[in-house]
>>> print(open('coords31.pdb').read())   # PDB, C-alpha atoms, pLDDT in the B column
ATOM      1  CA  MET A   3       2.282   3.849   8.807  1.00 42.00           C
ATOM      2  CA  ASN A   4       5.871   3.944   7.706  1.00 36.00           C
ATOM      3  CA  ALA A   5       6.659   4.603   4.051  1.00 35.00           C
ATOM      4  CA  VAL A   6       9.124   6.361   1.738  1.00 31.00           C
ATOM      5  CA  HIS A   7       8.894   8.388  -1.551  1.00 32.00           C
ATOM      6  CA  HIS A   8      10.959  10.206  -4.267  1.00 30.00           C
ATOM      7  CA  ALA A   9      10.271  13.074  -6.770  1.00 27.00           C
ATOM      8  CA  ALA A  10       9.083  12.945 -10.411  1.00 27.00           C
ATOM      9  CA  ALA A  11       7.377  10.233 -12.403  1.00 29.00           C
ATOM     10  CA  ALA A  12       8.791   6.750 -12.022  1.00 32.00           C
ATOM     11  CA  ALA A  13       8.251   3.612 -14.014  1.00 32.00           C
ATOM     12  CA  VAL A  14      10.420   0.667 -13.125  1.00 34.00           C
ATOM     13  CA  LEU A  15      10.273  -2.984 -14.051  1.00 33.00           C
ATOM     14  CA  LEU A  16      10.972  -4.792 -10.820  1.00 39.00           C
ATOM     15  CA  GLY A  17      12.773  -8.091 -10.717  1.00 37.00           C
ATOM     16  CA  ALA A  18      11.312  -9.143  -7.380  1.00 39.00           C
ATOM     17  CA  GLY A  19       9.567 -12.053  -8.984  1.00 40.00           C
ATOM     18  CA  CYS A  20       8.007 -15.097  -7.453  1.00 42.00           C
ATOM     19  CA  GLY A  21       8.255 -17.881 -10.004  1.00 43.00           C
ATOM     20  CA  ASN A  22       7.590 -16.156 -13.307  1.00 49.00           C
ATOM     21  CA  GLN A  23       5.773 -13.220 -11.709  1.00 64.00           C
ATOM     22  CA  VAL A  24       7.401  -9.826 -12.165  1.00 80.00           C
ATOM     23  CA  ALA A  25       6.425  -6.770 -10.145  1.00 91.00           C
ATOM     24  CA  SER A  26       6.117  -3.322 -11.675  1.00 95.00           C
ATOM     25  CA  ALA A  27       4.825   0.028 -10.490  1.00 98.00           C
ATOM     26  CA  THR A  28       4.699   3.696 -11.407  1.00 98.00           C
ATOM     27  CA  PHE A  29       4.359   6.752  -9.176  1.00 98.00           C
ATOM     28  CA  ASP A  30       3.596  10.128 -10.766  1.00 98.00           C
ATOM     29  CA  GLY A  31       3.585  13.205  -8.546  1.00 98.00           C
ATOM     30  CA  ALA A  32       4.957  13.981  -5.109  1.00 98.00           C
ATOM     31  CA  VAL A  33       3.841  14.089  -1.471  1.00 98.00           C
ATOM     32  CA  HIS A  34       5.458  16.805   0.672  1.00 97.00           C
ATOM     33  CA  GLY A  35       7.863  17.283  -2.250  1.00 97.00           C
ATOM     34  CA  LEU A  36       8.942  13.629  -2.233  1.00 97.00           C
ATOM     35  CA  SER A  37       8.339  11.340  -5.217  1.00 95.00           C
ATOM     36  CA  LEU A  38       8.764   7.605  -4.954  1.00 96.00           C
ATOM     37  CA  GLN A  39      10.956   5.739  -7.467  1.00 97.00           C
ATOM     38  CA  PRO A  40       9.431   2.226  -7.219  1.00 98.00           C
ATOM     39  CA  LYS A  41      11.837  -0.681  -6.808  1.00 97.00           C
ATOM     40  CA  ASP A  42       9.355  -3.226  -5.452  1.00 97.00           C
ATOM     41  CA  ALA A  43       5.609  -3.864  -5.329  1.00 98.00           C
ATOM     42  CA  ILE A  44       4.372  -6.657  -3.058  1.00 98.00           C
ATOM     43  CA  SER A  45       0.972  -7.715  -1.788  1.00 98.00           C
ATOM     44  CA  ALA A  46      -1.019 -10.239   0.226  1.00 97.00           C
ATOM     45  CA  PRO A  47      -4.314 -10.571   2.043  1.00 97.00           C
ATOM     46  CA  ALA A  48      -3.702  -9.265   5.578  1.00 96.00           C
ATOM     47  CA  THR A  49      -5.419  -7.992   8.698  1.00 93.00           C
ATOM     48  CA  VAL A  50      -4.607  -4.364   9.514  1.00 93.00           C
ATOM     49  CA  ALA A  51      -5.548  -1.956  12.299  1.00 87.00           C
ATOM     50  CA  PHE A  52      -7.890   0.943  11.550  1.00 83.00           C
ATOM     51  CA  THR A  53      -9.100   3.547  14.058  1.00 80.00           C
ATOM     52  CA  THR A  54     -12.260   1.456  14.521  1.00 80.00           C
ATOM     53  CA  GLY A  55     -10.462  -1.875  14.976  1.00 83.00           C
ATOM     54  CA  SER A  56      -8.775  -4.534  12.872  1.00 90.00           C
ATOM     55  CA  ALA A  57     -10.096  -5.772   9.541  1.00 92.00           C
ATOM     56  CA  PRO A  58      -8.987  -8.028   6.669  1.00 96.00           C
ATOM     57  CA  VAL A  59      -7.862  -6.248   3.482  1.00 97.00           C
ATOM     58  CA  ALA A  60      -6.006  -6.810   0.238  1.00 98.00           C
ATOM     59  CA  ALA A  61      -2.709  -5.113   1.147  1.00 98.00           C
ATOM     60  CA  ILE A  62      -0.363  -3.563  -1.432  1.00 98.00           C
ATOM     61  CA  VAL A  63       3.013  -1.936  -0.724  1.00 98.00           C
ATOM     62  CA  ILE A  64       4.908   0.039  -3.382  1.00 98.00           C
ATOM     63  CA  THR A  65       8.370   1.118  -2.209  1.00 98.00           C
ATOM     64  CA  ASP A  66      11.805   2.355  -3.191  1.00 97.00           C
ATOM     65  CA  ALA A  67      13.350  -0.385  -1.011  1.00 95.00           C
ATOM     66  CA  ALA A  68      14.579  -3.314  -3.121  1.00 93.00           C
ATOM     67  CA  GLY A  69      13.968  -6.867  -1.904  1.00 94.00           C
ATOM     68  CA  LEU A  70      10.997  -5.860   0.229  1.00 96.00           C
ATOM     69  CA  CYS A  71       9.478  -9.343   0.524  1.00 96.00           C
ATOM     70  CA  THR A  72      12.721 -10.717   1.962  1.00 96.00           C
ATOM     71  CA  LYS A  73      12.862  -7.842   4.453  1.00 96.00           C
ATOM     72  CA  VAL A  74       9.265  -8.036   5.698  1.00 96.00           C
ATOM     73  CA  SER A  75       9.439 -11.846   5.852  1.00 96.00           C
ATOM     74  CA  ALA A  76      12.320 -11.351   8.327  1.00 96.00           C
ATOM     75  CA  ASN A  77      10.237  -8.700  10.193  1.00 95.00           C
ATOM     76  CA  LEU A  78      12.575  -5.913   9.040  1.00 95.00           C
ATOM     77  CA  GLU A  79      11.361  -2.344   8.522  1.00 94.00           C
ATOM     78  CA  PRO A  80      13.293  -0.859   5.559  1.00 95.00           C
ATOM     79  CA  LYS A  81      15.453   2.067   6.664  1.00 95.00           C
ATOM     80  CA  SER A  82      15.791   5.337   4.746  1.00 97.00           C
ATOM     81  CA  SER A  83      12.877   4.372   2.527  1.00 97.00           C
ATOM     82  CA  LEU A  84       9.611   5.627   1.077  1.00 98.00           C
ATOM     83  CA  ALA A  85       6.432   3.584   0.617  1.00 98.00           C
ATOM     84  CA  LEU A  86       2.856   3.806  -0.557  1.00 98.00           C
ATOM     85  CA  PHE A  87       0.480   1.505   1.331  1.00 98.00           C
ATOM     86  CA  ILE A  88      -2.856   0.673  -0.315  1.00 98.00           C
ATOM     87  CA  PHE A  89      -5.531  -1.378   1.450  1.00 98.00           C
ATOM     88  CA  LEU A  90      -8.588  -2.627  -0.479  1.00 98.00           C
ATOM     89  CA  ALA A  91     -11.744  -3.957   1.131  1.00 97.00           C
ATOM     90  CA  ASP A  92     -15.325  -5.021   0.516  1.00 97.00           C
ATOM     91  CA  VAL A  93     -18.195  -4.556   2.933  1.00 95.00           C
ATOM     92  CA  ASN A  94     -20.441  -7.599   3.294  1.00 93.00           C
ATOM     93  CA  PRO A  95     -23.962  -6.282   2.523  1.00 89.00           C
ATOM     94  CA  SER A  96     -25.600  -8.868   4.813  1.00 91.00           C
ATOM     95  CA  THR A  97     -23.434  -8.446   7.899  1.00 92.00           C
ATOM     96  CA  GLY A  98     -21.694  -5.097   7.403  1.00 88.00           C
ATOM     97  CA  ALA A  99     -18.362  -6.816   8.076  1.00 90.00           C
ATOM     98  CA  ILE A 100     -15.230  -5.590   6.304  1.00 92.00           C
ATOM     99  CA  GLU A 101     -13.578  -8.272   4.147  1.00 95.00           C
ATOM    100  CA  ALA A 102     -10.505  -8.376   1.898  1.00 96.00           C
ATOM    101  CA  ALA A 103     -11.303  -7.266  -1.656  1.00 97.00           C
ATOM    102  CA  SER A 104     -12.421 -10.350  -3.575  1.00 95.00           C
ATOM    103  CA  GLY A 105     -12.965  -8.955  -7.062  1.00 96.00           C
ATOM    104  CA  THR A 106     -11.964  -6.182  -9.425  1.00 98.00           C
ATOM    105  CA  GLY A 107     -13.360  -2.719 -10.136  1.00 98.00           C
ATOM    106  CA  ALA A 108     -13.272   0.717  -8.521  1.00 98.00           C
ATOM    107  CA  PHE A 109     -12.417   1.138  -4.832  1.00 98.00           C
ATOM    108  CA  PRO A 110     -13.000   4.781  -3.824  1.00 98.00           C
ATOM    109  CA  VAL A 111     -10.918   6.173  -0.969  1.00 98.00           C
ATOM    110  CA  PHE A 112     -12.808   6.018   2.322  1.00 96.00           C
ATOM    111  CA  VAL A 113     -11.649   7.288   5.711  1.00 92.00           C
ATOM    112  CA  VAL A 114     -12.525   4.427   8.061  1.00 84.00           C
ATOM    113  CA  GLY A 115     -14.607   5.680  10.975  1.00 84.00           C
ATOM    114  CA  SER A 116     -15.965   8.705   9.081  1.00 89.00           C
ATOM    115  CA  GLY A 117     -19.388   7.157   8.464  1.00 87.00           C
ATOM    116  CA  PRO A 118     -20.942   4.148   6.763  1.00 88.00           C
ATOM    117  CA  ALA A 119     -18.435   2.465   4.454  1.00 89.00           C
ATOM    118  CA  PRO A 120     -19.264   2.010   0.760  1.00 93.00           C
ATOM    119  CA  ARG A 121     -19.605  -1.536  -0.643  1.00 96.00           C
ATOM    120  CA  HIS A 122     -15.985  -1.397  -1.911  1.00 97.00           C
ATOM    121  CA  PHE A 123     -13.339   0.989  -0.582  1.00 97.00           C
ATOM    122  CA  SER A 124      -9.639   1.742  -0.369  1.00 98.00           C
ATOM    123  CA  ALA A 125      -7.440   3.331   2.278  1.00 97.00           C
ATOM    124  CA  ALA A 126      -3.940   4.547   1.460  1.00 97.00           C
ATOM    125  CA  SER A 127      -0.998   6.231   3.136  1.00 97.00           C
ATOM    126  CA  PHE A 128       2.378   7.549   2.076  1.00 98.00           C
ATOM    127  CA  GLY A 129       5.303   7.672   4.435  1.00 94.00           C
ATOM    128  CA  ALA A 130       9.010   8.104   4.896  1.00 96.00           C
ATOM    129  CA  ASN A 131      11.433   6.339   7.237  1.00 95.00           C
ATOM    130  CA  ASP A 132      14.770   7.687   8.438  1.00 97.00           C
ATOM    131  CA  ALA A 133      18.057   5.785   8.842  1.00 97.00           C
ATOM    132  CA  VAL A 134      16.893   4.221  12.135  1.00 97.00           C
ATOM    133  CA  CYS A 135      13.475   3.249  10.717  1.00 94.00           C
ATOM    134  CA  LYS A 136      11.525   5.978  12.498  1.00 95.00           C
ATOM    135  CA  GLU A 137       8.636   7.468  10.574  1.00 94.00           C
ATOM    136  CA  ILE A 138       9.222  11.048   9.434  1.00 96.00           C
ATOM    137  CA  ALA A 139       5.788  12.447  10.296  1.00 96.00           C
ATOM    138  CA  ALA A 140       6.303  15.692   8.359  1.00 96.00           C
ATOM    139  CA  ASP A 141       6.831  13.664   5.165  1.00 96.00           C
ATOM    140  CA  SER A 142       3.939  11.239   5.671  1.00 96.00           C
ATOM    141  CA  ALA A 143       0.302  11.627   4.629  1.00 97.00           C
ATOM    142  CA  ASP A 144      -3.021   9.776   4.451  1.00 97.00           C
ATOM    143  CA  ALA A 145      -5.229   9.650   1.355  1.00 98.00           C
ATOM    144  CA  ARG A 146      -8.485  11.589   1.751  1.00 98.00           C
ATOM    145  CA  SER A 147      -9.996  11.214  -1.726  1.00 98.00           C
ATOM    146  CA  GLY A 148      -9.496   9.461  -5.024  1.00 98.00           C
ATOM    147  CA  SER A 149      -9.809   5.863  -6.106  1.00 98.00           C
ATOM    148  CA  VAL A 150      -7.959   2.633  -6.786  1.00 99.00           C
ATOM    149  CA  THR A 151      -9.078   0.499  -9.729  1.00 98.00           C
ATOM    150  CA  LEU A 152      -8.240  -3.209  -9.642  1.00 98.00           C
ATOM    151  CA  THR A 153      -7.991  -4.978 -12.994  1.00 98.00           C
ATOM    152  CA  THR A 154      -6.523  -8.246 -11.655  1.00 97.00           C
ATOM    153  CA  ASN A 155      -7.095  -9.964  -8.307  1.00 97.00           C
ATOM    154  CA  GLY A 156      -5.809 -13.489  -7.817  1.00 95.00           C
ATOM    155  CA  GLY A 157      -3.733 -15.474  -5.363  1.00 94.00           C
ATOM    156  CA  GLY A 158      -2.749 -12.407  -3.363  1.00 96.00           C
ATOM    157  CA  ALA A 159      -1.351 -10.599  -6.428  1.00 97.00           C
ATOM    158  CA  TYR A 160      -3.048  -7.468  -7.763  1.00 98.00           C
ATOM    159  CA  ALA A 161      -2.832  -5.180 -10.776  1.00 98.00           C
ATOM    160  CA  GLY A 162      -4.484  -1.839 -11.373  1.00 98.00           C
ATOM    161  CA  THR A 163      -4.195   1.925 -11.163  1.00 99.00           C
ATOM    162  CA  TYR A 164      -4.535   4.607  -8.500  1.00 99.00           C
ATOM    163  CA  ASP A 165      -5.370   8.307  -8.315  1.00 99.00           C
ATOM    164  CA  LEU A 166      -4.984   9.588  -4.746  1.00 99.00           C
ATOM    165  CA  THR A 167      -5.218  12.986  -3.047  1.00 99.00           C
ATOM    166  CA  PHE A 168      -3.656  13.215   0.418  1.00 98.00           C
ATOM    167  CA  ASP A 169      -4.377  15.298   3.514  1.00 97.00           C
ATOM    168  CA  SER A 170      -1.259  17.284   2.531  1.00 97.00           C
ATOM    169  CA  GLY A 171      -3.137  18.463  -0.593  1.00 97.00           C
ATOM    170  CA  ASP A 172      -0.803  16.478  -2.854  1.00 98.00           C
ATOM    171  CA  ARG A 173      -2.106  14.241  -5.655  1.00 98.00           C
ATOM    172  CA  VAL A 174      -0.355  11.170  -7.075  1.00 98.00           C
ATOM    173  CA  THR A 175      -1.300   8.722  -9.810  1.00 98.00           C
ATOM    174  CA  GLY A 176       0.190   5.471 -10.974  1.00 98.00           C
ATOM    175  CA  ALA A 177      -0.172   1.809 -11.761  1.00 98.00           C
ATOM    176  CA  PHE A 178       0.934  -1.448 -10.152  1.00 98.00           C
ATOM    177  CA  HIS A 179       1.360  -5.135 -10.878  1.00 98.00           C
ATOM    178  CA  THR A 180       2.345  -6.785  -7.602  1.00 98.00           C
ATOM    179  CA  VAL A 181       3.807 -10.134  -6.640  1.00 97.00           C
ATOM    180  CA  THR A 182       2.441 -12.115  -3.713  1.00 97.00           C
ATOM    181  CA  CYS A 183       4.507 -11.998  -0.517  1.00 97.00           C
ATOM    182  CA  GLN A 184       3.103 -14.193   2.251  1.00 96.00           C
ATOM    183  CA  GLY A 185       5.530 -12.597   4.719  1.00 96.00           C
ATOM    184  CA  LEU A 186       3.604  -9.329   4.347  1.00 97.00           C
ATOM    185  CA  THR A 187       0.578 -10.911   6.052  1.00 96.00           C
ATOM    186  CA  THR A 188       2.593 -11.634   9.204  1.00 94.00           C
ATOM    187  CA  TYR A 189       4.500  -8.344   9.026  1.00 95.00           C
ATOM    188  CA  LEU A 190       1.342  -6.201   8.941  1.00 94.00           C
ATOM    189  CA  GLY A 191      -0.081  -8.187  11.860  1.00 91.00           C
ATOM    190  CA  ARG A 192       2.822  -7.164  14.100  1.00 90.00           C
ATOM    191  CA  PHE A 193       3.162  -3.832  15.880  1.00 87.00           C
ATOM    192  CA  THR A 194       6.951  -3.871  16.253  1.00 91.00           C
ATOM    193  CA  HIS A 195       9.644  -4.527  13.644  1.00 92.00           C
ATOM    194  CA  ASP A 196      13.419  -4.642  13.596  1.00 94.00           C
ATOM    195  CA  CYS A 197      15.278  -2.055  11.527  1.00 95.00           C
ATOM    196  CA  GLY A 198      16.870  -3.261   8.308  1.00 89.00           C
TER     197      GLY A 198
END
>>> encode(input="coords31.pdb", output="structure tokens")
Amino acid sequence: MNAVHHAAAAAVLLGAGCGNQVASATFDGAVHGLSLQPKDAISAPATVAFTTGSAPVAAIVITDAAGLCTKVSANLEPKSSLALFIFLADVNPSTGAIEAASGTGAFPVFVVGSGPAPRHFSAASFGANDAVCKEIAADSADARSGSVTLTTNGGGAYAGTYDLTFDSGDRVTGAFHTVTCQGLTTYLGRFTHDCG
């Protein structure tokens, strides 16, 4: 997954509001020496591809690219950017099917395909894009442990905290209060994007 980050702790009030909603996010720590300075935090229910197939999730994107909802709604991948992707899911106890997170609480990090999924889980990745929107693999990482705690879940907007350790050995913590971006649903369902 493509994403971008920046060093040191960051706490920014984001004016990417929808109506009277205002997005905010923090990012404390660094991945591969890069720390993200959040400028936007968007979310929506979406279907994403895992190694075992596609599944519906509550999708959250925290990025240093301003105006992210406008970009993804136009199918544009932000160039020269960093992002933290967080996906939250429930497992239906009757059917075993993965569903988008419907409530609040703790969502421990789970590597999809590594065994039976817990009742609630999260998957997260951190990445960096270059000036032509290509992922910089050496600066990207997938979460291997930690947890995301949701305190608000409504209408495709989410609030909570995260504490994530990546396969790079790096640990980051932070908080988020997202705004709903319906364009994110379509964007995450596509495999190709224009560069913007």
>>> closest_residue(input="coords31.pdb", among="A:Thr182, A:Ser147, A:Thr72, A:Ser142", to="Val33 (chain A)", atoms="all atoms listed in the file")
A:Ser142
>>> closest_residue(input="coords31.pdb", among="A:Thr53, A:Thr163, A:Ser124, A:Ser75", to="Phe29 (chain A)", atoms="all atoms listed in the file")
A:Thr163
>>> closest_residue(input="coords31.pdb", among="A:Ser83, A:Ser116, A:Thr188, A:Thr153", to="Ala48 (chain A)", atoms="only C-alpha atoms")
A:Thr188
>>> residues_around(input="coords31.pdb", residues="region 128-139 of chain A", least_positions_apart="5", cutoff="12 Å", atoms="all atoms listed in the file", output="VMD selection string")
chain A and resid 3 to 8 29 32 to 38 62 to 67 78 to 89 144 to 146 166 to 170 172 to 174 194 to 198
>>> atom_distance(input="coords31.pdb", atom1="CA of Ser96 (chain A)", atom2="CA of Leu152 (chain A)")
23.3 Å
>>> atom_distance(input="coords31.pdb", atom1="CA of Gly191 (chain A)", atom2="CA of Gly162 (chain A)")
24.5 Å
>>> resolve_selection(input="coords31.pdb", expression="the PyMOL selection byres ((chain A and resi 52) around 10)", output="list in words")
Thr49, Val50, Ala51, Thr53, Thr54, Gly55, Ser56, Ala57, Val113, Val114, Gly115 and Ala125 of chain A
>>> write_last_selection(input="coords31.pdb", atoms="C-alpha atoms", output="tab-separated table (two decimals), keeping the file's coordinate frame")
chain	number	residue	atom	x	y	z
A	49	THR	CA	-5.42	-7.99	8.70
A	50	VAL	CA	-4.61	-4.36	9.51
A	51	ALA	CA	-5.55	-1.96	12.30
A	53	THR	CA	-9.10	3.55	14.06
A	54	THR	CA	-12.26	1.46	14.52
A	55	GLY	CA	-10.46	-1.88	14.98
A	56	SER	CA	-8.78	-4.53	12.87
A	57	ALA	CA	-10.10	-5.77	9.54
A	113	VAL	CA	-11.65	7.29	5.71
A	114	VAL	CA	-12.52	4.43	8.06
A	115	GLY	CA	-14.61	5.68	10.98
A	125	ALA	CA	-7.44	3.33	2.28
>>> resolve_selection(input="coords31.pdb", expression="the PyMOL selection byres ((chain A and resi 154) around 9)", output="number ranges by chain")
A: 105-107, 152-153, 155-156, 159-162, 179
>>> resolve_selection(input="coords31.pdb", expression="the PyMOL selection byres ((chain A and resi 165) around 7)", output="PyMOL selection string")
chain A and resi 148-150+164+166+174-176
>>> closest_residue(input="coords31.pdb", among="A:Val93, A:Leu190, A:Val74, A:Ala177", to="Pro40 (chain A)", atoms="all atoms listed in the file")
A:Ala177
>>> atom_distance(input="coords31.pdb", atom1="CA of Ala60 (chain A)", atom2="CA of Glu101 (chain A)")
8.6 Å
>>> residues_around(input="coords31.pdb", residues="Ile100 (chain A)", least_positions_apart="2", cutoff="8 Å", atoms="only C-alpha atoms", output="short mmCIF file (atom, residue, chain, number, x, y, z; two decimals) with C-alpha atoms, in the frame of the given file")
data_model
loop_
_atom_site.label_atom_id
_atom_site.label_comp_id
_atom_site.auth_asym_id
_atom_site.auth_seq_id
_atom_site.Cartn_x
_atom_site.Cartn_y
_atom_site.Cartn_z
CA ALA A 57 -10.10 -5.77 9.54
CA PRO A 58 -8.99 -8.03 6.67
CA VAL A 59 -7.86 -6.25 3.48
CA ALA A 91 -11.74 -3.96 1.13
CA ASP A 92 -15.32 -5.02 0.52
CA VAL A 93 -18.20 -4.56 2.93
CA ASN A 94 -20.44 -7.60 3.29
CA GLY A 98 -21.69 -5.10 7.40
CA ALA A 102 -10.50 -8.38 1.90
#
>>> residues_around(input="coords31.pdb", residues="Cys71 (chain A)", least_positions_apart="2", cutoff="8 Å", atoms="all atoms listed in the file", output="ChimeraX atom specification")
/A:44,69,73-75,183,185-186
